[in-house]
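Shown below: final04.cif, with mmCIF, C-alpha atoms.
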```cif
data_run
#
loop_
_atom_site.label_atom_id
_atom_site.label_comp_id
_atom_site.auth_asym_id
_atom_site.auth_seq_id
_atom_site.Cartn_x
_atom_site.Cartn_y
_atom_site.Cartn_z
CA MET Y 1007 -23.03 20.00 4.02
CA GLU Y 1008 -22.33 17.21 6.48
CA VAL Y 1009 -19.06 17.35 8.49
CA SER Y 1010 -17.77 14.01 7.16
CA ARG Y 1011 -18.49 15.20 3.62
CA LYS Y 1012 -16.50 18.40 4.27
CA CYS Y 1013 -13.53 16.44 5.68
CA GLU Y 1014 -13.61 14.11 2.68
CA ALA Y 1015 -13.70 17.02 0.21
CA LEU Y 1016 -10.79 18.72 1.98
CA LEU Y 1017 -8.70 15.52 2.02
CA ARG Y 1018 -9.43 14.88 -1.65
CA LEU Y 1019 -8.49 18.45 -2.61
CA LEU Y 1020 -5.20 18.17 -0.71
CA ALA Y 1021 -4.44 14.76 -2.26
CA LEU Y 1022 -5.26 16.18 -5.72
CA ALA Y 1023 -2.87 19.12 -5.21
CA VAL Y 1024 -0.02 16.94 -3.95
CA LEU Y 1025 -0.53 14.39 -6.77
CA VAL Y 1026 -0.39 17.14 -9.42
CA LEU Y 1027 2.72 18.60 -7.77
CA THR Y 1028 4.36 15.15 -7.76
CA ALA Y 1029 3.52 14.61 -11.44
CA CYS Y 1030 4.96 18.04 -12.35
CA LEU Y 1031 8.17 17.36 -10.42
CA ILE Y 1032 8.60 13.99 -12.17
CA ARG Y 1033 7.82 15.41 -15.62
CA THR Y 1034 10.21 18.37 -15.37
CA ASN Y 1035 13.08 16.38 -13.90
CA THR Y 1036 15.89 16.47 -16.42
CA GLN Y 1037 19.62 17.24 -16.33
CA THR Y 1038 22.12 17.52 -19.17
CA LYS Y 1039 25.74 16.88 -18.40
CA LEU Y 1040 28.86 17.44 -20.45
CA LEU Y 1041 31.05 14.35 -20.21
CA PHE Y 1042 34.74 14.44 -21.27
CA GLY Y 1043 34.27 18.06 -22.43
CA PHE Y 1044 32.28 17.25 -25.60
CA TYR Y 1045 29.87 14.32 -25.10
CA ARG Y 1046 26.44 15.55 -23.94
CA LYS Y 1047 24.45 13.08 -21.86
CA LYS Y 1048 20.95 13.71 -20.60
CA ALA Y 1049 19.21 12.17 -17.59
CA THR Y 1050 15.41 12.28 -17.76
CA PHE Y 1051 12.58 10.58 -15.90
CA LYS Y 1052 12.26 8.25 -18.91
CA ASP Y 1053 15.51 6.49 -17.97
CA LEU Y 1054 13.77 4.76 -15.09
CA ASP Y 1055 10.56 2.91 -16.01
CA ALA Y 1056 9.35 3.25 -12.42
CA TYR Y 1057 9.27 7.06 -12.78
CA VAL Y 1058 7.21 6.82 -15.97
CA VAL Y 1059 4.75 4.43 -14.29
CA SER Y 1060 4.67 6.73 -11.24
CA LEU Y 1061 3.84 9.73 -13.46
CA TYR Y 1062 0.89 8.01 -15.14
CA VAL Y 1063 -0.43 6.51 -11.88
CA ASP Y 1064 -0.23 9.92 -10.15
CA LEU Y 1065 -2.07 11.61 -13.02
CA ALA Y 1066 -4.77 8.93 -13.06
CA ALA Y 1067 -5.20 9.17 -9.28
CA ALA Y 1068 -5.38 13.00 -9.55
CA GLY Y 1069 -8.10 12.69 -12.21
CA TYR Y 1070 -10.06 10.23 -10.10
CA ASN Y 1071 -9.83 12.45 -7.03
CA LEU Y 1072 -10.93 15.47 -9.05
CA LEU Y 1073 -14.09 13.59 -10.08
CA GLN Y 1074 -14.69 12.51 -6.49
CA PHE Y 1075 -14.10 16.08 -5.27
CA ILE Y 1076 -16.76 17.35 -7.69
CA ARG Y 1077 -19.10 14.61 -6.41
CA CYS Y 1078 -18.46 15.77 -2.81
CA LEU Y 1079 -19.35 19.37 -3.69
CA SER Y 1080 -22.39 18.63 -5.83
CA PRO Y 1081 -25.54 19.02 -3.73
CA ARG Y 1082 -27.74 16.63 -5.70
CA PHE Y 1083 -25.40 13.88 -6.81
CA LEU Y 1084 -24.71 10.97 -4.49
CA GLN Y 1085 -25.26 12.89 -1.27
CA PRO Y 1086 -25.77 10.67 1.76
CA SER Y 1087 -29.38 10.30 2.70
CA ALA Y 1088 -28.08 9.80 6.23
CA GLY Y 1089 -28.36 13.48 7.11
CA THR Y 1090 -32.11 13.32 6.90
CA LYS Y 1091 -32.96 9.77 7.92
CA LEU Y 1092 -31.22 6.87 9.62
CA THR Y 1093 -31.83 4.30 6.90
CA VAL Y 1094 -29.96 4.28 3.62
CA LEU Y 1095 -31.21 3.12 0.22
CA PRO Y 1096 -29.67 -0.02 -1.34
CA CYS Y 1097 -28.55 1.95 -4.42
CA ASP Y 1098 -26.65 4.35 -2.15
CA VAL Y 1099 -24.92 1.44 -0.44
CA ILE Y 1100 -23.70 0.13 -3.82
CA GLN Y 1101 -22.29 3.57 -4.58
CA TYR Y 1102 -20.55 3.70 -1.20
CA TRP Y 1103 -19.08 0.24 -1.81
CA LEU Y 1104 -17.85 1.36 -5.24
CA CYS Y 1105 -16.23 4.48 -3.74
CA PHE Y 1106 -14.67 2.39 -0.99
CA LEU Y 1107 -13.16 -0.15 -3.40
CA LEU Y 1108 -11.93 2.49 -5.87
CA ASP Y 1109 -10.40 4.56 -3.06
CA GLN Y 1110 -8.63 1.51 -1.66
CA ALA Y 1111 -7.32 0.58 -5.12
CA THR Y 1112 -6.13 4.16 -5.75
CA ALA Y 1113 -4.34 4.36 -2.40
CA TYR Y 1114 -2.55 1.04 -2.94
CA LEU Y 1115 -1.66 1.81 -6.58
CA VAL Y 1116 -0.11 5.22 -5.82
CA PHE Y 1117 1.68 3.67 -2.84
CA ALA Y 1118 3.01 0.83 -5.04
CA ALA Y 1119 4.26 3.19 -7.74
CA ASN Y 1120 5.96 5.37 -5.15
CA CYS Y 1121 7.59 2.44 -3.33
CA SER Y 1122 8.95 1.00 -6.57
CA ALA Y 1123 10.37 4.37 -7.61
CA THR Y 1124 11.89 4.82 -4.13
CA ALA Y 1125 13.52 1.37 -4.19
CA LEU Y 1126 15.15 2.05 -7.56
CA SER Y 1127 16.19 5.54 -6.49
CA VAL Y 1128 17.87 4.20 -3.36
CA MET Y 1129 19.71 1.74 -5.60
CA ALA Y 1130 20.74 4.64 -7.85
CA VAL Y 1131 22.19 6.45 -4.82
CA THR Y 1132 23.96 3.50 -3.20
CA GLY Y 1133 24.70 1.27 -6.18
CA SER Y 1134 25.35 -2.42 -5.59
CA LYS Y 1135 28.74 -4.05 -5.65
CA SER Y 1136 27.51 -7.63 -5.69
CA LEU Y 1137 25.14 -6.90 -8.60
CA GLN Y 1138 27.68 -4.67 -10.40
CA TRP Y 1139 25.16 -1.83 -10.60
CA MET Y 1140 26.90 1.55 -10.63
CA LYS Y 1141 26.00 4.63 -8.61
CA LEU Y 1142 24.31 7.34 -10.62
CA CYS Y 1143 23.85 10.27 -8.27
CA ASP Y 1144 27.53 11.22 -8.30
CA LYS Y 1145 27.05 12.33 -11.89
CA TYR Y 1146 23.51 13.69 -11.90
CA THR Y 1147 23.28 15.50 -8.56
CA ARG Y 1148 20.52 18.00 -9.35
CA PHE Y 1149 18.43 15.27 -11.00
CA CYS Y 1150 18.72 13.16 -7.86
CA TYR Y 1151 17.73 16.03 -5.55
CA GLN Y 1152 14.59 16.67 -7.61
CA ALA Y 1153 13.88 12.91 -7.60
CA GLY Y 1154 14.11 13.02 -3.79
CA GLY Y 1155 11.61 15.88 -3.86
CA HIS Y 1156 9.00 14.05 -5.90
CA LEU Y 1157 9.47 10.87 -3.88
CA PHE Y 1158 8.76 12.86 -0.70
CA CYS Y 1159 5.65 14.37 -2.33
CA GLY Y 1160 4.66 10.83 -3.28
CA VAL Y 1161 4.86 9.75 0.38
CA VAL Y 1162 2.65 12.70 1.40
CA ALA Y 1163 0.19 11.83 -1.39
CA SER Y 1164 0.12 8.18 -0.24
CA LEU Y 1165 -0.63 9.21 3.36
CA LEU Y 1166 -3.44 11.53 2.18
CA LEU Y 1167 -4.90 8.80 -0.03
CA ALA Y 1168 -4.75 6.32 2.87
CA ALA Y 1169 -6.70 8.87 4.94
CA VAL Y 1170 -9.21 9.28 2.08
CA ALA Y 1171 -9.61 5.49 1.89
CA SER Y 1172 -10.23 5.37 5.65
CA ALA Y 1173 -12.83 8.16 5.37
CA SER Y 1174 -14.44 6.18 2.58
CA ALA Y 1175 -14.50 3.06 4.80
CA PHE Y 1176 -16.04 5.15 7.59
CA ASN Y 1177 -18.75 6.45 5.24
CA LEU Y 1178 -19.59 2.91 4.12
CA PHE Y 1179 -19.34 0.80 7.26
CA ARG Y 1180 -21.22 3.11 9.62
CA PHE Y 1181 -24.41 2.05 7.84
CA TYR Y 1182 -23.91 -1.51 9.07
CA SER Y 1183 -25.31 -2.92 12.27
CA PRO Y 1184 -22.87 -3.45 15.14
CA LYS Y 1185 -25.06 -6.33 16.29
CA TYR Y 1186 -25.56 -8.52 13.22
CA PHE Y 1187 -22.95 -9.36 10.60
CA MET Y 1188 -23.31 -7.49 7.31
CA SER Y 1189 -26.87 -6.39 7.99
CA ARG Y 1190 -27.72 -2.72 7.64
CA LYS Y 1191 -29.27 -0.60 10.35
CA THR Y 1192 -32.97 -0.13 10.26
CA MET O 235 -18.41 -16.92 18.01
CA GLU O 236 -19.72 -14.07 15.88
CA VAL O 237 -19.57 -14.43 12.06
CA SER O 238 -17.38 -11.35 11.54
CA ARG O 239 -14.99 -12.69 14.19
CA LYS O 240 -14.80 -16.06 12.38
CA CYS O 241 -14.09 -14.37 9.02
CA GLU O 242 -11.40 -12.22 10.62
CA ALA O 243 -9.74 -15.26 12.26
CA LEU O 244 -9.79 -17.17 8.95
CA LEU O 245 -8.30 -14.24 7.02
CA ARG O 246 -5.60 -13.75 9.65
CA LEU O 247 -4.69 -17.45 9.63
CA LEU O 248 -4.42 -17.44 5.82
CA ALA O 249 -2.33 -14.27 5.87
CA LEU O 250 -0.09 -15.79 8.55
CA ALA O 251 0.46 -18.95 6.49
CA VAL O 252 1.26 -17.04 3.30
CA LEU O 253 3.59 -14.65 5.14
CA VAL O 254 5.53 -17.54 6.68
CA LEU O 255 5.73 -19.26 3.28
CA THR O 256 7.03 -16.03 1.69
CA ALA O 257 9.67 -15.62 4.43
CA CYS O 258 10.82 -19.25 3.96
CA LEU O 259 11.07 -18.82 0.18
CA ILE O 260 13.14 -15.65 0.59
CA ARG O 261 15.41 -17.18 3.27
CA THR O 262 16.17 -20.38 1.34
CA ASN O 263 16.77 -18.64 -1.99
CA THR O 264 20.39 -19.22 -2.91
CA GLN O 265 22.27 -20.39 -5.98
CA THR O 266 25.97 -21.15 -6.44
CA LYS O 267 27.41 -20.89 -9.92
CA LEU O 268 30.80 -21.93 -11.30
CA LEU O 269 32.14 -19.09 -13.42
CA PHE O 270 35.05 -19.66 -15.85
CA GLY O 271 35.36 -23.24 -14.58
CA PHE O 272 36.96 -22.41 -11.22
CA TYR O 273 35.53 -19.20 -9.69
CA ARG O 274 32.53 -19.96 -7.45
CA LYS O 275 30.00 -17.16 -7.14
CA LYS O 276 26.95 -17.33 -4.91
CA ALA O 277 23.68 -15.42 -5.25
CA THR O 278 21.71 -15.10 -1.99
CA PHE O 279 18.82 -12.96 -0.81
CA LYS O 280 21.40 -10.79 1.00
CA ASP O 281 22.63 -9.38 -2.32
CA LEU O 282 19.49 -7.27 -2.61
CA ASP O 283 18.70 -5.13 0.45
CA ALA O 284 15.04 -5.10 -0.53
CA TYR O 285 14.84 -8.90 -0.04
CA VAL O 286 16.37 -8.61 3.45
CA VAL O 287 13.90 -5.86 4.38
CA SER O 288 11.08 -7.93 2.88
CA LEU O 289 12.09 -10.95 4.99
CA TYR O 290 12.05 -9.00 8.27
CA VAL O 291 8.80 -7.16 7.42
CA ASP O 292 7.09 -10.45 6.51
CA LEU O 293 8.24 -12.09 9.75
CA ALA O 294 7.11 -9.11 11.83
CA ALA O 295 3.71 -9.08 10.08
CA ALA O 296 3.38 -12.86 10.61
CA GLY O 297 4.12 -12.41 14.33
CA TYR O 298 1.58 -9.60 14.63
CA ASN O 299 -1.09 -11.64 12.84
CA LEU O 300 -0.37 -14.64 15.07
CA LEU O 301 -1.05 -12.47 18.14
CA GLN O 302 -4.23 -11.10 16.54
CA PHE O 303 -5.33 -14.62 15.59
CA ILE O 304 -4.94 -15.74 19.23
CA ARG O 305 -6.97 -12.69 20.27
CA CYS O 306 -9.72 -13.68 17.80
CA LEU O 307 -9.90 -17.21 19.24
CA SER O 308 -9.73 -16.25 22.91
CA PRO O 309 -13.24 -16.15 24.38
CA ARG O 310 -12.57 -13.61 27.15
CA PHE O 311 -10.06 -11.24 25.68
CA LEU O 312 -11.25 -8.28 23.63
CA GLN O 313 -14.45 -9.89 22.42
CA PRO O 314 -16.94 -7.44 20.99
CA SER O 315 -19.67 -6.58 23.43
CA ALA O 316 -21.78 -6.01 20.33
CA GLY O 317 -23.07 -9.55 20.26
CA THR O 318 -25.00 -8.99 23.44
CA LYS O 319 -25.88 -5.31 23.37
CA LEU O 320 -25.98 -2.53 20.80
CA THR O 321 -23.77 -0.07 22.68
CA VAL O 322 -20.03 -0.48 22.99
CA LEU O 323 -17.78 0.57 25.87
CA PRO O 324 -15.27 3.42 25.26
CA CYS O 325 -12.34 1.15 26.20
CA ASP O 326 -13.46 -1.32 23.50
CA VAL O 327 -13.55 1.47 20.93
CA ILE O 328 -9.94 2.42 21.74
CA GLN O 329 -8.94 -1.22 21.21
CA TYR O 330 -10.79 -1.33 17.87
CA TRP O 331 -9.07 1.90 16.79
CA LEU O 332 -5.69 0.40 17.78
CA CYS O 333 -6.40 -2.78 15.79
CA PHE O 334 -7.56 -0.71 12.82
CA LEU O 335 -4.44 1.49 12.78
CA LEU O 336 -2.03 -1.44 13.31
CA ASP O 337 -3.74 -3.50 10.58
CA GLN O 338 -3.57 -0.58 8.15
CA ALA O 339 0.12 -0.04 8.97
CA THR O 340 0.88 -3.78 8.55
CA ALA O 341 -0.92 -3.96 5.20
CA TYR O 342 0.90 -0.91 3.84
CA LEU O 343 4.30 -2.02 5.19
CA VAL O 344 4.13 -5.53 3.68
CA PHE O 345 2.85 -4.02 0.45
CA ALA O 346 5.72 -1.49 0.40
CA ALA O 347 8.36 -4.16 1.03
CA ASN O 348 6.91 -6.35 -1.70
CA CYS O 349 6.65 -3.52 -4.25
CA SER O 350 10.24 -2.46 -3.63
CA ALA O 351 11.49 -6.03 -4.02
CA THR O 352 9.41 -6.43 -7.20
CA ALA O 353 10.76 -3.20 -8.72
CA LEU O 354 14.35 -4.28 -8.13
CA SER O 355 13.64 -7.81 -9.39
CA VAL O 356 12.14 -6.47 -12.62
CA MET O 357 15.28 -4.38 -13.03
CA ALA O 358 17.38 -7.53 -12.44
CA VAL O 359 15.45 -9.30 -15.23
CA THR O 360 15.44 -6.49 -17.78
CA GLY O 361 18.57 -4.55 -16.87
CA SER O 362 18.89 -0.94 -17.95
CA LYS O 363 21.01 0.30 -20.82
CA SER O 364 20.78 3.98 -19.99
CA LEU O 365 21.78 3.35 -16.36
CA GLN O 366 24.40 0.73 -17.29
CA TRP O 367 22.86 -1.81 -14.94
CA MET O 368 23.44 -5.36 -16.15
CA LYS O 369 20.90 -8.17 -16.36
CA LEU O 370 21.31 -10.79 -13.66
CA CYS O 371 18.78 -13.50 -14.42
CA ASP O 372 20.72 -14.85 -17.38
CA LYS O 373 23.30 -16.12 -14.91
CA TYR O 374 21.18 -17.07 -11.90
CA THR O 375 18.09 -18.62 -13.47
CA ARG O 376 16.94 -20.84 -10.60
CA PHE O 377 17.47 -17.99 -8.10
CA CYS O 378 15.28 -15.74 -10.23
CA TYR O 379 12.48 -18.32 -10.52
CA GLN O 380 12.37 -18.71 -6.74
CA ALA O 381 12.43 -14.90 -6.40
CA GLY O 382 9.40 -14.81 -8.70
CA GLY O 383 7.75 -17.36 -6.42
CA HIS O 384 8.18 -15.36 -3.24
CA LEU O 385 7.16 -12.14 -4.96
CA PHE O 386 3.91 -13.82 -6.04
CA CYS O 387 3.36 -15.06 -2.46
CA GLY O 388 4.02 -11.49 -1.32
CA VAL O 389 1.23 -10.23 -3.61
CA VAL O 390 -1.18 -12.82 -2.18
CA ALA O 391 -0.13 -11.84 1.37
CA SER O 392 -0.69 -8.15 0.54
CA LEU O 393 -4.20 -8.86 -0.79
CA LEU O 394 -5.05 -10.88 2.34
CA LEU O 395 -3.71 -8.14 4.62
CA ALA O 396 -5.73 -5.53 2.71
CA ALA O 397 -8.82 -7.68 3.33
CA VAL O 398 -7.89 -7.99 7.03
CA ALA O 399 -7.51 -4.19 7.22
CA SER O 400 -10.95 -3.77 5.62
CA ALA O 401 -12.47 -6.23 8.10
CA SER O 402 -10.83 -4.25 10.88
CA ALA O 403 -12.31 -1.02 9.49
CA PHE O 404 -15.72 -2.72 9.31
CA ASN O 405 -15.44 -3.84 12.96
CA LEU O 406 -14.57 -0.31 14.06
CA PHE O 407 -16.77 1.93 11.95
CA ARG O 408 -20.03 0.03 12.32
CA PHE O 409 -20.20 1.35 15.89
CA TYR O 410 -20.51 4.89 14.57
CA SER O 411 -23.76 6.63 13.84
CA PRO O 412 -24.71 7.07 10.19
CA LYS O 413 -26.51 10.24 11.16
CA TYR O 414 -24.00 12.29 13.15
CA PHE O 415 -20.30 12.64 12.42
CA MET O 416 -18.00 10.62 14.69
CA SER O 417 -20.64 10.00 17.32
CA ARG O 418 -21.26 6.46 18.44
CA LYS O 419 -24.64 4.74 18.37
CA THR O 420 -26.65 4.73 21.51
#
```
If you convert what's in this file into structure tokens, what do you get?
Amino acid sequence: MEVSRKCEALLRLLALAVLVLTACLIRTNTQTKLLFGFYRKKATFKDLDAYVVSLYVDLAAAGYNLLQFIRCLSPRFLQPSAGTKLTVLPCDVIQYWLCFLLDQATAYLVFAANCSATALSVMAVTGSKSLQWMKLCDKYTRFCYQAGGHLFCGVVASLLLAAVASASAFNLFRFYSPKYFMSRKT
Amino acid sequence: MEVSRKCEALLRLLALAVLVLTACLIRTNTQTKLLFGFYRKKATFKDLDAYVVSLYVDLAAAGYNLLQFIRCLSPRFLQPSAGTKLTVLPCDVIQYWLCFLLDQATAYLVFAANCSATALSVMAVTGSKSLQWMKLCDKYTRFCYQAGGHLFCGVVASLLLAAVASASAFNLFRFYSPKYFMSRKT
């Protein structure tokens, strides 16, 4: 297996693991609190829409990276013809473009979901006087610590996916000529 | 001037214009409302930390893209030696790597700022019963429409910066060999 293919597979496996971990941390995050001695109130990830979106986006990205990881390992399917010859077939280039675009979209989507969840979580910690939004983490401390945990995992996942997207760009653009615009090497 | 250089300059100019427009829309967004007939209350972009962060990030990204745009236009400075010969000097490669990393960072930063602001704005429109966060756009309608405007501009700016980052990746990675991992063409 080519070195770049090995790096890509490793990055994808890491990203997959971190995404699954993030999804698990979001899904299991729940805290029940006894208010005024009798009134039970429960905080779950469903209270914040951004967490729900984050969960689904993370799972979708994990599924996509699993498929791509299998593609990286498979010896027959979509292997670069570059290892054997310098030219690359047009059908391969289309596949590389598809991978590049999907990887970019995945990286930005996971990043977006994580940033939105982080912004709302920061607001839940600090509250806002001018908007009359109350603080929430005074009441649900354990919930907020776990939220911090999955947000951190989300940052790690975003960095890994950005690296995967860069590797994907590397795999695609190295087939292009440095001399002429958008023409492939011969 | 090379075609890829022209495309890059055009993309950077567009991104610069949209970023400046976004910053202006954020900065001028203010609405004063008379509550109960005598009590004046003012909504500004400073009420939401995410808008303040967004403003500074947009301005910084605009400044960076202005510098890069000047670099693209300048005939002597950092022009690709690729137009004349197939090999590229090591010092040029370092500069391309620097551009690539800075462009990636800019794209992700602007995207992060915009996503955070969007998440909080959606919360300001919908409110949250379970979190006891009140709706705000019933009171400050014009403020919220302008906020929608700069969030949309932010999305356009993010897309343009993602395209710039891709162009930057193209400029860098096409100097690498499709045959051997991380070795440059000779």
Check every residue of chain O for an atom within 7 Å of chain Y, counting all atoms listed in the file, and provide those that qualify as a list in words. Val237, Ser238, Asp281, Ala316, Gly317, Leu320, Ala346, Cys349, Ser350, Ala353, Leu354, Ser364, Trp367, Met368, Ala403, Phe404, Phe407, Arg408, Phe409, Tyr410, Ser411, Pro412, Lys413 and Phe415 of chain O
So how far away is atom CA of Y:Gly1154 from atom CA of Y:Val1026, in Å?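 Value for the atom CA of Y:Val1026-atom CA of Y:Gly1154 distance: 16.1 Å.
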Interatomic distance, atom CA of Y:Leu1041 to atom CA of Y:Arg1148 (Å, one decimal):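 Atom-to-atom, atom CA of Y:Leu1041 to atom CA of Y:Arg1148, that is 15.6 Å.
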Pick the closest to Y:Ala1169 from Y:Cys1143, Y:Cys1078, Y:Leu1095, Y:Leu1017: which is it, counting all atoms listed in the file?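 Selected residue with least distance to Y:Ala1169: Y:Leu1017.
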To verify the selection step, state as a compact mmCIF listing (two decimals) with C-alpha atoms, in the coordinates of the input which residues the PyMOL selection byres ((chain O and resi 295) around 12) yields on this input.
```
# COMPACT_ATOMS: atom_id res chain seq x y z
CA ARG O 246 -5.60 -13.75 9.65
CA LEU O 247 -4.69 -17.45 9.63
CA ALA O 249 -2.33 -14.27 5.87
CA LEU O 250 -0.09 -15.79 8.55
CA ALA O 251 0.46 -18.95 6.49
CA VAL O 252 1.26 -17.04 3.30
CA LEU O 253 3.59 -14.65 5.14
CA VAL O 254 5.53 -17.54 6.68
CA THR O 256 7.03 -16.03 1.69
CA ALA O 257 9.67 -15.62 4.43
CA SER O 288 11.08 -7.93 2.88
CA LEU O 289 12.09 -10.95 4.99
CA TYR O 290 12.05 -9.00 8.27
CA VAL O 291 8.80 -7.16 7.42
CA ASP O 292 7.09 -10.45 6.51
CA LEU O 293 8.24 -12.09 9.75
CA ALA O 294 7.11 -9.11 11.83
CA ALA O 296 3.38 -12.86 10.61
CA GLY O 297 4.12 -12.41 14.33
CA TYR O 298 1.58 -9.60 14.63
CA ASN O 299 -1.09 -11.64 12.84
CA LEU O 300 -0.37 -14.64 15.07
CA LEU O 301 -1.05 -12.47 18.14
CA GLN O 302 -4.23 -11.10 16.54
CA PHE O 303 -5.33 -14.62 15.59
CA LEU O 336 -2.03 -1.44 13.31
CA ASP O 337 -3.74 -3.50 10.58
CA GLN O 338 -3.57 -0.58 8.15
CA ALA O 339 0.12 -0.04 8.97
CA THR O 340 0.88 -3.78 8.55
CA ALA O 341 -0.92 -3.96 5.20
CA TYR O 342 0.90 -0.91 3.84
CA LEU O 343 4.30 -2.02 5.19
CA VAL O 344 4.13 -5.53 3.68
CA PHE O 345 2.85 -4.02 0.45
CA ALA O 347 8.36 -4.16 1.03
CA GLY O 388 4.02 -11.49 -1.32
CA ALA O 391 -0.13 -11.84 1.37
CA SER O 392 -0.69 -8.15 0.54
CA LEU O 394 -5.05 -10.88 2.34
CA LEU O 395 -3.71 -8.14 4.62
```
Between Y:Ala1171, Y:Leu1157, Y:Gln1152, Y:Cys1097, which is the closest to Y:Asn1035 once you count only C-alpha atoms?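 Ranked by minimum distance to Y:Asn1035, first place goes to Y:Gln1152.
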Could you state the separation of atom CA of Y:Leu1027 and atom CA of Y:Cys1159 in Å, given to one decimal place? 7.5 Å
Please write out, as AutoDock Vina command-line options, where the centre of an axis-aligned box around all listed atoms of stretch 1130-1137 of chain Y lies and how long its edges are, in Å to one decimal, after adding 3 Å on each side.
```
--center_x 24.7 --center_y -0.6 --center_z -5.9 --size_x 14.0 --size_y 20.1 --size_z 11.4
```
